[in-house]
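> Sharing target-v9.csv (CSV, C-alpha atoms and all ligand atoms) below.
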```csv
chain,number,residue,atom,x,y,z
A,179,MET,CA,-12.6,17.2,11.1
A,180,GLN,CA,-11.8,14.3,13.4
A,181,LYS,CA,-9.6,11.5,12.1
A,182,LYS,CA,-11.3,8.2,11.4
A,183,ILE,CA,-10.6,5.3,13.6
A,184,ILE,CA,-8.9,1.9,12.7
A,185,PHE,CA,-8.7,-1.1,15.0
A,186,SER,CA,-7.0,-4.4,14.4
A,187,GLY,CA,-5.3,-7.2,16.4
A,188,ILE,CA,-3.3,-10.4,16.2
A,189,ALA,CA,-3.5,-13.3,18.7
A,190,PRO,CA,-0.2,-14.1,20.5
A,191,SER,CA,-0.3,-17.8,19.4
A,192,GLY,CA,2.1,-19.7,17.2
A,193,ASN,CA,4.8,-18.0,15.1
A,194,ILE,CA,3.8,-14.7,13.5
A,195,HIS,CA,4.6,-15.2,9.8
A,196,ILE,CA,5.0,-13.2,6.6
A,197,GLY,CA,1.2,-13.8,5.8
A,198,ASN,CA,0.3,-11.9,9.0
A,199,TYR,CA,2.8,-9.2,8.0
A,200,LEU,CA,1.7,-8.8,4.4
A,201,GLY,CA,-2.1,-9.4,5.1
A,202,ALA,CA,-2.3,-7.1,8.1
A,203,ILE,CA,0.7,-5.4,9.8
A,204,LYS,CA,2.2,-3.9,6.6
A,205,ASN,CA,-1.1,-2.1,5.9
A,206,TRP,CA,-1.4,-0.9,9.5
A,207,VAL,CA,2.0,0.8,9.1
A,208,ASN,CA,0.7,2.7,6.1
A,209,LEU,CA,-2.7,3.5,7.5
A,210,GLN,CA,-1.4,4.9,10.9
A,211,ASN,CA,-0.5,8.2,9.3
A,212,GLU,CA,-4.0,8.8,8.1
A,213,TYR,CA,-6.1,7.3,10.8
A,214,ASN,CA,-6.5,7.4,14.6
A,215,SER,CA,-5.0,3.9,15.0
A,216,ILE,CA,-5.5,1.3,17.8
A,217,PHE,CA,-3.6,-2.0,17.6
A,218,CYS,CA,-4.3,-4.7,20.1
A,219,VAL,CA,-2.5,-7.9,21.1
A,220,VAL,CA,-5.6,-10.1,21.5
A,221,ASP,CA,-4.4,-12.5,24.3
A,222,MET,CA,-8.0,-13.4,25.2
A,223,HIS,CA,-8.5,-14.7,21.7
A,224,ALA,CA,-5.3,-16.8,22.1
A,225,ILE,CA,-6.7,-18.9,25.0
A,226,THR,CA,-9.4,-20.4,22.8
A,227,MET,CA,-6.8,-23.1,22.3
A,228,PRO,CA,-4.8,-24.6,25.2
A,229,ARG,CA,-1.7,-22.5,25.9
A,230,ASP,CA,1.3,-22.8,28.2
A,231,PRO,CA,0.9,-19.7,30.5
A,232,LYS,CA,4.7,-18.9,30.3
A,233,GLU,CA,4.6,-19.2,26.6
A,234,LEU,CA,1.5,-17.0,26.3
A,235,ARG,CA,3.2,-14.2,28.4
A,236,LYS,CA,6.3,-14.4,26.2
A,237,LYS,CA,4.3,-14.4,22.9
A,238,THR,CA,2.1,-11.5,24.0
A,239,LEU,CA,5.2,-9.3,24.5
A,240,GLU,CA,6.7,-10.6,21.3
A,241,VAL,CA,3.7,-9.7,19.2
A,242,ALA,CA,3.8,-6.1,20.6
A,243,LYS,CA,7.5,-6.0,19.7
A,244,ILE,CA,6.7,-7.3,16.2
A,245,TYR,CA,4.2,-4.5,15.7
A,246,ILE,CA,6.8,-1.9,16.7
A,247,ALA,CA,9.7,-3.5,14.7
A,248,SER,CA,7.4,-3.6,11.7
A,249,GLY,CA,7.0,0.2,11.8
A,250,ILE,CA,4.0,0.8,14.1
A,251,ASP,CA,5.0,4.0,15.8
A,252,PRO,CA,3.8,4.2,19.4
A,253,GLU,CA,3.8,8.0,19.0
A,254,LYS,CA,1.3,7.8,16.3
A,255,SER,CA,-0.7,4.6,17.2
A,256,THR,CA,-2.1,3.2,20.4
A,257,LEU,CA,-0.9,-0.3,21.3
A,258,PHE,CA,-2.3,-2.3,24.2
A,259,ILE,CA,-3.1,-5.8,25.5
A,260,GLN,CA,-6.7,-6.9,25.2
A,261,SER,CA,-7.0,-8.4,28.7
A,262,HIS,CA,-5.8,-5.1,30.2
A,263,VAL,CA,-9.2,-3.6,29.2
A,264,PRO,CA,-11.9,-5.7,30.9
A,265,GLU,CA,-14.6,-3.9,29.0
A,266,HIS,CA,-13.9,-6.2,26.0
A,267,ALA,CA,-15.1,-9.2,27.9
A,268,GLU,CA,-18.1,-7.3,29.4
A,269,LEU,CA,-19.4,-6.1,26.1
A,270,MET,CA,-18.9,-9.5,24.7
A,271,TRP,CA,-21.4,-10.9,27.2
A,272,ILE,CA,-24.0,-8.4,26.2
A,273,LEU,CA,-23.4,-9.1,22.5
A,274,ASN,CA,-23.7,-12.8,23.2
A,275,THR,CA,-27.3,-12.2,24.0
A,276,ILE,CA,-28.2,-10.8,20.6
A,277,THR,CA,-26.3,-13.3,18.6
A,278,LYS,CA,-27.8,-16.4,17.0
A,279,THR,CA,-26.1,-19.8,17.3
A,280,GLY,CA,-26.7,-20.3,13.6
A,281,GLU,CA,-24.7,-17.2,12.8
A,282,LEU,CA,-21.7,-18.6,14.6
A,283,SER,CA,-21.9,-22.2,13.4
A,284,ARG,CA,-21.7,-21.0,9.8
A,285,MET,CA,-18.3,-19.3,10.3
A,286,THR,CA,-15.7,-21.1,8.2
A,287,GLN,CA,-13.0,-20.5,10.8
A,288,PHE,CA,-15.2,-22.2,13.4
A,289,LYS,CA,-15.8,-25.1,11.0
A,290,ASP,CA,-12.1,-25.4,10.3
A,291,LYS,CA,-10.9,-25.2,13.8
A,292,ALA,CA,-13.5,-27.6,15.0
A,293,GLU,CA,-12.6,-29.8,12.1
A,294,LEU,CA,-16.3,-30.2,11.4
A,295,SER,CA,-15.6,-30.6,7.7
A,296,THR,CA,-15.1,-34.3,8.6
A,297,GLY,CA,-18.9,-34.5,9.1
A,298,ASP,CA,-18.3,-36.2,12.5
A,299,SER,CA,-21.1,-35.0,14.7
A,300,LYS,CA,-19.4,-36.2,17.8
A,301,ALA,CA,-16.5,-33.9,17.1
A,302,LEU,CA,-18.6,-31.0,18.1
A,303,GLU,CA,-19.0,-32.2,21.7
A,304,ASN,CA,-15.3,-31.6,22.4
A,305,VAL,CA,-14.9,-28.2,20.8
A,306,PRO,CA,-14.3,-25.5,23.5
A,307,LEU,CA,-17.1,-23.0,23.6
A,308,GLY,CA,-14.5,-20.2,23.2
A,309,ILE,CA,-13.8,-21.4,19.6
A,310,PHE,CA,-17.5,-21.1,18.9
A,311,ASN,CA,-18.1,-17.6,20.2
A,312,TYR,CA,-14.6,-16.2,19.5
A,313,PRO,CA,-16.1,-13.9,16.8
A,314,ILE,CA,-18.3,-12.1,19.3
A,315,LEU,CA,-15.2,-11.1,21.3
A,316,MET,CA,-13.7,-9.7,18.1
A,317,VAL,CA,-17.0,-7.8,17.5
A,318,ALA,CA,-16.7,-6.3,21.0
A,319,ASP,CA,-13.1,-5.3,20.3
A,320,ILE,CA,-14.1,-3.4,17.2
A,321,LEU,CA,-17.4,-1.8,18.4
A,322,LEU,CA,-16.0,-0.5,21.7
A,323,TYR,CA,-14.0,2.2,20.0
A,324,ASP,CA,-16.3,3.5,17.3
A,325,THR,CA,-14.0,1.9,14.7
A,326,ASN,CA,-14.6,3.0,11.1
A,327,LEU,CA,-12.2,0.6,9.4
A,328,VAL,CA,-10.7,-2.8,10.2
A,329,PRO,CA,-7.6,-3.7,8.3
A,330,VAL,CA,-7.3,-7.5,8.1
A,331,GLY,CA,-6.5,-10.4,5.8
A,332,GLU,CA,-9.3,-12.0,3.7
A,333,ASP,CA,-9.8,-14.9,6.2
A,334,GLN,CA,-11.4,-12.3,8.6
A,335,LEU,CA,-14.1,-11.1,6.2
A,336,GLN,CA,-16.9,-13.2,7.8
A,337,HIS,CA,-16.0,-11.8,11.2
A,338,ILE,CA,-16.3,-8.3,9.9
A,339,GLU,CA,-19.7,-9.2,8.4
A,340,ILE,CA,-21.0,-10.4,11.7
A,341,THR,CA,-19.6,-7.2,13.4
A,342,LYS,CA,-21.7,-5.2,11.0
A,343,THR,CA,-24.8,-7.4,11.6
A,344,LEU,CA,-24.5,-7.1,15.4
A,345,ALA,CA,-23.9,-3.4,15.3
A,346,LYS,CA,-27.0,-2.8,13.2
A,347,ARG,CA,-29.1,-5.2,15.2
A,348,PHE,CA,-28.2,-3.5,18.5
A,349,ASN,CA,-28.7,-0.1,17.0
A,350,ASN,CA,-32.2,-1.2,15.7
A,351,ARG,CA,-33.2,-2.6,19.0
A,352,PHE,CA,-31.8,0.0,21.4
A,353,GLY,CA,-31.2,3.2,19.3
A,354,ASP,CA,-28.1,4.4,17.6
A,355,THR,CA,-25.1,3.3,19.6
A,356,PHE,CA,-22.4,1.6,17.5
A,357,VAL,CA,-20.6,2.8,14.4
A,358,VAL,CA,-21.0,0.2,11.7
A,359,PRO,CA,-17.4,-0.5,10.5
A,360,GLU,CA,-16.0,-1.4,7.1
A,361,VAL,CA,-13.3,-3.9,6.3
A,362,HIS,CA,-10.0,-2.8,4.7
A,363,ILE,CA,-8.3,-5.5,2.6
A,364,THR,CA,-5.5,-5.2,0.0
A,365,LYS,CA,-5.6,-7.2,-3.1
A,366,GLU,CA,-2.3,-9.2,-3.2
A,367,GLY,CA,-1.5,-9.4,0.5
A,368,MET,CA,-5.0,-10.5,1.5
A,369,ARG,CA,-4.3,-14.2,1.3
A,370,ILE,CA,-0.8,-15.6,1.4
A,371,MET,CA,-1.0,-19.3,0.9
A,372,GLY,CA,0.8,-22.1,2.7
A,373,LEU,CA,4.2,-23.0,1.2
A,374,ASP,CA,3.5,-26.7,1.7
A,375,ASP,CA,-0.1,-26.4,0.4
A,376,PRO,CA,-1.1,-23.5,-1.9
A,377,THR,CA,-4.8,-24.4,-1.5
A,378,LYS,CA,-4.9,-23.3,2.1
A,379,LYS,CA,-3.8,-20.0,3.7
A,380,MET,CA,-0.5,-19.7,5.5
A,381,SER,CA,-1.3,-20.2,9.1
A,382,LYS,CA,0.4,-19.9,12.5
A,383,SER,CA,-1.3,-23.0,13.7
A,384,ALA,CA,-0.3,-25.1,10.7
A,385,LYS,CA,0.9,-28.6,11.6
A,386,SER,CA,4.2,-28.3,9.6
A,387,GLU,CA,6.6,-25.4,10.0
A,388,TYR,CA,7.3,-25.8,6.3
A,389,ASN,CA,3.8,-24.1,5.9
A,390,TYR,CA,5.1,-20.6,6.7
A,391,ILE,CA,8.1,-18.3,6.9
A,392,ALA,CA,8.1,-17.0,10.5
A,393,LEU,CA,9.3,-13.4,11.1
A,394,ASN,CA,11.9,-14.9,13.3
A,395,ASP,CA,13.2,-17.5,10.9
A,396,SER,CA,17.0,-17.6,10.4
A,397,GLU,CA,18.6,-17.2,6.9
A,398,GLU,CA,19.3,-20.9,6.9
A,399,ILE,CA,15.8,-21.9,7.7
A,400,VAL,CA,14.4,-19.4,5.1
A,401,ARG,CA,16.6,-21.0,2.4
A,402,LYS,CA,15.5,-24.5,3.5
A,403,LYS,CA,11.8,-23.7,3.6
A,404,ILE,CA,11.8,-22.0,0.1
A,405,LYS,CA,13.8,-24.9,-1.4
A,406,LYS,CA,11.1,-27.2,0.0
A,407,ALA,CA,8.1,-25.1,-1.0
A,408,VAL,CA,5.7,-26.9,-3.3
A,409,THR,CA,5.7,-25.8,-6.9
A,410,ASP,CA,3.4,-26.5,-9.9
A,411,SER,CA,4.0,-28.7,-12.9
A,412,GLY,CA,6.0,-27.2,-15.8
A,413,SER,CA,9.2,-25.2,-15.5
A,414,GLU,CA,8.4,-21.6,-16.5
A,415,ILE,CA,8.0,-18.8,-14.0
A,416,VAL,CA,4.6,-17.4,-14.8
A,417,TYR,CA,2.0,-15.6,-12.7
A,418,ARG,CA,-1.2,-17.5,-13.5
A,419,ASP,CA,-4.3,-18.8,-11.6
A,420,ASP,CA,-3.7,-22.3,-12.9
A,421,LYS,CA,-0.3,-22.2,-11.1
A,422,PRO,CA,-1.4,-21.5,-7.6
A,423,ALA,CA,1.9,-22.4,-5.8
A,424,LEU,CA,4.0,-20.3,-8.1
A,425,LYS,CA,1.5,-17.4,-8.1
A,426,ASN,CA,1.8,-17.4,-4.3
A,427,LEU,CA,5.6,-17.4,-4.4
A,428,ILE,CA,5.6,-14.5,-6.9
A,429,ASN,CA,3.2,-12.6,-4.7
A,430,ILE,CA,5.5,-12.9,-1.8
A,431,TYR,CA,8.5,-11.9,-4.0
A,432,SER,CA,6.5,-9.0,-5.4
A,433,LEU,CA,5.2,-7.6,-2.1
A,434,LEU,CA,8.5,-7.9,-0.2
A,435,SER,CA,10.6,-6.4,-3.0
A,436,GLU,CA,8.0,-4.0,-4.4
A,437,THR,CA,8.4,-5.4,-7.8
A,438,PRO,CA,5.3,-5.9,-10.1
A,439,ALA,CA,4.6,-9.5,-10.8
A,440,LYS,CA,4.9,-8.9,-14.5
A,441,GLU,CA,8.5,-7.7,-14.1
A,442,ILE,CA,9.3,-10.8,-12.1
A,443,GLU,CA,7.9,-13.0,-14.9
A,444,ASN,CA,10.1,-11.1,-17.4
A,445,LYS,CA,13.2,-11.5,-15.2
A,446,TYR,CA,12.9,-15.3,-15.2
A,447,VAL,CA,12.2,-15.9,-18.9
A,448,GLY,CA,14.4,-18.8,-19.9
A,449,LYS,CA,15.3,-19.5,-16.3
A,450,GLY,CA,13.9,-22.2,-14.0
A,451,TYR,CA,12.6,-22.7,-10.5
A,452,ALA,CA,16.1,-23.0,-9.0
A,453,ASP,CA,17.1,-19.5,-9.9
A,454,PHE,CA,13.8,-18.1,-9.0
A,455,LYS,CA,13.7,-19.8,-5.6
A,456,ASN,CA,17.3,-18.8,-4.8
A,457,ASP,CA,16.4,-15.1,-5.5
A,458,LEU,CA,13.1,-15.4,-3.6
A,459,ALA,CA,15.0,-16.6,-0.5
A,460,GLU,CA,17.3,-13.6,-0.8
A,461,VAL,CA,14.4,-11.2,-1.1
A,462,ILE,CA,12.8,-12.7,2.1
A,463,ILE,CA,16.2,-12.6,3.9
A,464,ASN,CA,16.7,-8.9,2.9
A,465,PHE,CA,13.4,-8.1,4.4
A,466,LEU,CA,13.8,-10.2,7.5
A,467,LYS,CA,17.3,-9.1,8.5
A,468,PRO,CA,16.8,-5.4,9.2
A,469,PHE,CA,13.4,-6.3,10.8
A,470,GLN,CA,15.1,-8.8,13.1
A,471,GLU,CA,17.8,-6.3,14.0
A,472,ARG,CA,15.1,-3.8,15.0
A,473,LEU,CA,13.3,-6.4,17.0
A,474,ALA,CA,16.4,-7.5,18.9
A,475,LYS,CA,17.1,-3.9,20.0
A,476,LEU,CA,13.7,-3.4,21.6
A,477,ASP,CA,13.7,-3.3,25.3
A,478,ASP,CA,11.0,-5.4,27.1
A,479,LYS,CA,10.5,-3.0,29.9
A,480,LYS,CA,10.0,-0.1,27.5
A,481,VAL,CA,7.5,-2.1,25.4
A,482,LEU,CA,5.5,-3.1,28.5
A,483,GLU,CA,5.4,0.6,29.4
A,484,ILE,CA,4.0,1.5,26.0
A,485,LEU,CA,1.4,-1.2,26.3
A,486,ALA,CA,0.4,0.0,29.8
A,487,GLU,CA,0.1,3.6,28.5
A,488,GLY,CA,-2.0,2.3,25.6
A,489,ALA,CA,-4.4,0.5,27.9
A,490,GLU,CA,-4.7,3.6,30.1
A,491,LYS,CA,-5.5,5.7,27.1
A,492,VAL,CA,-8.2,3.5,25.5
A,493,GLN,CA,-9.8,2.2,28.7
A,494,PRO,CA,-11.8,5.4,29.4
A,495,LEU,CA,-13.1,5.2,25.8
A,496,ALA,CA,-14.2,1.6,26.2
A,497,LYS,CA,-15.9,2.4,29.5
A,498,LYS,CA,-17.8,5.3,28.0
A,499,LYS,CA,-19.1,3.1,25.2
A,500,LEU,CA,-19.9,0.2,27.6
A,501,ASP,CA,-21.8,2.5,30.0
A,502,GLU,CA,-23.8,3.8,27.1
A,503,VAL,CA,-24.7,0.3,26.1
A,504,LYS,CA,-25.6,-0.6,29.7
A,505,ARG,CA,-27.9,2.4,30.0
A,506,LYS,CA,-29.6,1.6,26.8
A,507,ILE,CA,-30.3,-2.0,27.7
A,508,GLY,CA,-31.6,-1.1,31.2
A,509,PHE,CA,-28.8,-1.7,33.6
A,510,ILE,CA,-28.5,0.7,36.4
A,511,VAL,CA,-25.2,2.5,35.7
A,601,LIG,P1,-4.2,-19.1,13.3
A,601,LIG,O1,-3.8,-20.1,12.3
A,601,LIG,O2,-3.7,-19.4,14.7
A,601,LIG,O3,-5.7,-18.8,13.2
A,601,LIG,P2,-3.3,-17.0,11.6
A,601,LIG,O4,-2.0,-17.2,11.0
A,601,LIG,O5,-4.5,-17.2,10.7
A,601,LIG,O6,-3.5,-17.8,12.9
A,601,LIG,P3,-4.4,-14.7,12.9
A,601,LIG,O7,-4.0,-14.3,14.2
A,601,LIG,O8,-5.8,-15.4,12.7
A,601,LIG,O9,-3.3,-15.5,12.1
A,601,LIG,O10,-4.5,-13.4,11.9
A,601,LIG,C1,-3.9,-12.2,12.2
A,601,LIG,C2,-4.0,-11.3,11.0
A,601,LIG,O11,-3.2,-11.8,9.9
A,601,LIG,C3,-5.4,-11.2,10.5
A,601,LIG,O12,-5.7,-9.9,10.0
A,601,LIG,C4,-5.5,-12.2,9.3
A,601,LIG,O13,-6.4,-11.9,8.4
A,601,LIG,C5,-4.0,-12.0,8.8
A,601,LIG,N1,-3.6,-13.2,8.1
A,601,LIG,C6,-3.4,-14.4,8.7
A,601,LIG,N2,-3.0,-15.3,7.8
A,601,LIG,C7,-2.9,-14.7,6.7
A,601,LIG,C8,-2.5,-15.1,5.3
A,601,LIG,N3,-2.1,-16.3,5.1
A,601,LIG,N4,-2.5,-14.2,4.4
A,601,LIG,C9,-2.9,-12.9,4.6
A,601,LIG,N5,-3.3,-12.4,5.8
A,601,LIG,C10,-3.3,-13.3,6.8
A,602,LIG,N1,-9.8,-12.8,15.1
A,602,LIG,C1,-8.7,-12.0,14.5
A,602,LIG,C2,-7.9,-11.3,15.5
A,602,LIG,C3,-8.7,-10.2,16.0
A,602,LIG,C4,-9.0,-9.0,15.4
A,602,LIG,C5,-9.8,-8.3,16.4
A,602,LIG,C6,-8.7,-8.4,14.2
A,602,LIG,C7,-9.2,-10.2,17.3
A,602,LIG,N2,-9.9,-9.1,17.5
A,602,LIG,C8,-10.3,-7.0,16.1
A,602,LIG,C9,-9.3,-7.2,13.9
A,602,LIG,C10,-10.1,-6.5,14.8
A,602,LIG,C11,-7.8,-13.0,13.7
A,602,LIG,O1,-7.1,-12.5,12.9
A,602,LIG,N3,-7.8,-14.2,14.0
```
Would you give me this structure, written as structure tokens?

Amino acid sequence: MQKKIIFSGIAPSGNIHIGNYLGAIKNWVNLQNEYNSIFCVVDMHAITMPRDPKELRKKTLEVAKIYIASGIDPEKSTLFIQSHVPEHAELMWILNTITKTGELSRMTQFKDKAELSTGDSKALENVPLGIFNYPILMVADILLYDTNLVPVGEDQLQHIEITKTLAKRFNNRFGDTFVVPEVHITKEGMRIMGLDDPTKKMSKSAKSEYNYIALNDSEEIVRKKIKKAVTDSGSEIVYRDDKPALKNLINIYSLLSETPAKEIENKYVGKGYADFKNDLAEVIINFLKPFQERLAKLDDKKVLEILAEGAEKVQPLAKKKLDEVKRKIGFIV
């Protein structure tokens, strides 16, 4: 039997953080053994916000290196840069024509990024169109490769829902063409919260760098950020919903050290935040250090070769699917 296909990607914007790692990349590393895996650096998604071209080029390579240093094995998985396969943009155009504006304006990510929650109707006029139809590009990414499973963090759920909706809508209108994918989310890693605000997810585009632990943070910075991380009232170390800041810190501790939350609670009975935070900083540093050593050893040229080979491998698959779509809708192929 043929292996099932997984597809996922991260935009080369901002600093990749432990939320991206625990919510997405860590799962990819596990899944790549079982699935035919395709991991993309989605540079076309990154330009939905203004980017410095030099910085974008640098980040694109850096994200690919982060995938590899995290354990994505180019021998097992295919890695490529989204803009190297123009079929993504082409399929997006076609999918635009079967998407309703209401479906896009309901996306929470759109509302957040457009800061529409302020209720300021004028704000909408200045929102780049790319922020609005960004999900359709993601739908195209996924549907081009007959993806069965999409491993992402919880914030992407709505985007997977619209992927399913559009795949079904196209299939209904033009006949069976796309595989309808499923989302793959893990319980604890699915939503790592901001260190400075445990009510919002940790985010690369957060205003303050005290929101996240970046994968390239130094030991000193990790200690400083953890020291400053918001905590809840009270002094005991407990894993409870009414202590969202602490729950988030325990989750990070637990996932990076593979220690159950209950065991962490037990370890800190009679101890306070200072002890817990000191140890948490060490857990993070113990994870980051070998990761950063692997990252530093990667050769740019070699990684660019891996990415070029990846694009060469997937482009014919993308073309085949796109040609099928074109034929079905009546284009002369
Ligand atoms: P931005 O703030 O620029 O939107 P981001 O930090 O949300 O960036 P994305 O590029 O949108 O990162 O996400 C890449 C992957 O990481 C996605 O699968 C997403 O679900 C996951 N992810 C992002 N933030 C978190 C988080 N805080 N917890 C768990 N997973 C996350
Ligand atoms: N929009 C996603 C990144 C992304 C993606 C994808 C994830 C773009 N294309 C395809 C999975 C599958 C995000 O995390 N912001």
> Excluding Ala439 of chain A and any residue of its chain fewer than 2 positions from it, enumerate the residues within 8 Å of it, using only C-alpha atoms, and give them as a ChimeraX atom specification.
/A:417,428-429,432,437,441-443
> Using only C-alpha atoms, please write the residues we just selected to a file, as a PDB file, in the coordinates of the input.

```pdb
ATOM      1  CA  TYR A 417       2.000 -15.600 -12.700  1.00  0.00           C
ATOM      2  CA  ILE A 428       5.600 -14.500  -6.900  1.00  0.00           C
ATOM      3  CA  ASN A 429       3.200 -12.600  -4.700  1.00  0.00           C
ATOM      4  CA  SER A 432       6.500  -9.000  -5.400  1.00  0.00           C
ATOM      5  CA  THR A 437       8.400  -5.400  -7.800  1.00  0.00           C
ATOM      6  CA  GLU A 441       8.500  -7.700 -14.100  1.00  0.00           C
ATOM      7  CA  ILE A 442       9.300 -10.800 -12.100  1.00  0.00           C
ATOM      8  CA  GLU A 443       7.900 -13.000 -14.900  1.00  0.00           C
TER       9      GLU A 443
END
```
> Provide the atom CA of Lys497 of chain A to atom CA of Arg351 of chain A distance in Å, to one decimal place.
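Going from atom CA of Lys497 of chain A over to atom CA of Arg351 of chain A, I get 20.8 Å.
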> With distances taken over all atoms listed in the file, which of A:Glu387, A:Glu268, A:Asp319, A:Asp290 is nearest to Ile399 of chain A?
A:Glu387
> Out of A:Lys498, A:His223, A:Arg235, A:Lys406, which residue has the shortest atom-to-atom distance to Val511 of chain A when counting all atoms listed in the file?
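Checking each candidate against Val511 of chain A, we get A:Lys498 as the closest.
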> Could you check which of A:Arg284, A:Lys479, A:Lys499, A:Lys382 is closest to Gly197 of chain A, using only C-alpha atoms?
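Counting only C-alpha atoms, the residue closest to Gly197 of chain A is A:Lys382.
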> Can I get the residues close to ligand LIG 602 (chain A) as number ranges by chain, where close means within 9 Å and we count all atoms listed in the file?
A: 184-189, 198, 202, 217-224, 260, 287, 312-313, 315-320, 328-331, 333-334, 337-338
> Given all atoms listed in the file as the basis, pick out the residue of A:Pro376, A:Gly488, A:Gly280, A:Gly448 nearest to Lys425 of chain A.
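Checking each of A:Pro376, A:Gly488, A:Gly280, A:Gly448 against Lys425 of chain A, counting all atoms listed in the file, the winner is A:Pro376.
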> Which value, in Å to one decimal, gives the distance between atom O4 of ligand LIG 601 (chain A) and atom CA of Leu307 of chain A?
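Atom-to-atom, atom O4 of ligand LIG 601 (chain A) and atom CA of Leu307 of chain A are spaced 20.5 Å apart.
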> Would you list the residues near (-15.9, -27.5, 17.0) (no more than 9 Å away, in the coordinates of the file, using all atoms listed in the file) as a PyMOL selection string?
chain A and resi 283+288-294+301-307+309-310
> Pick out the closest residue to ligand LIG 601 (chain A) from this set: A:Thr277, A:Asn456, A:Gln210, A:Gln336. Count all atoms listed in the file.
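Checking each of A:Thr277, A:Asn456, A:Gln210, A:Gln336 against ligand LIG 601 (chain A), counting all atoms listed in the file, the winner is A:Gln336.
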> Please determine, counting all atoms listed in the file, which residue among A:Ala242, A:Ile363, A:Leu473, A:Ala247 has the shortest atom-to-atom distance to ligand LIG 601 (chain A).
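Ranking A:Ala242, A:Ile363, A:Leu473, A:Ala247 by distance to ligand LIG 601 (chain A), first place goes to A:Ile363.
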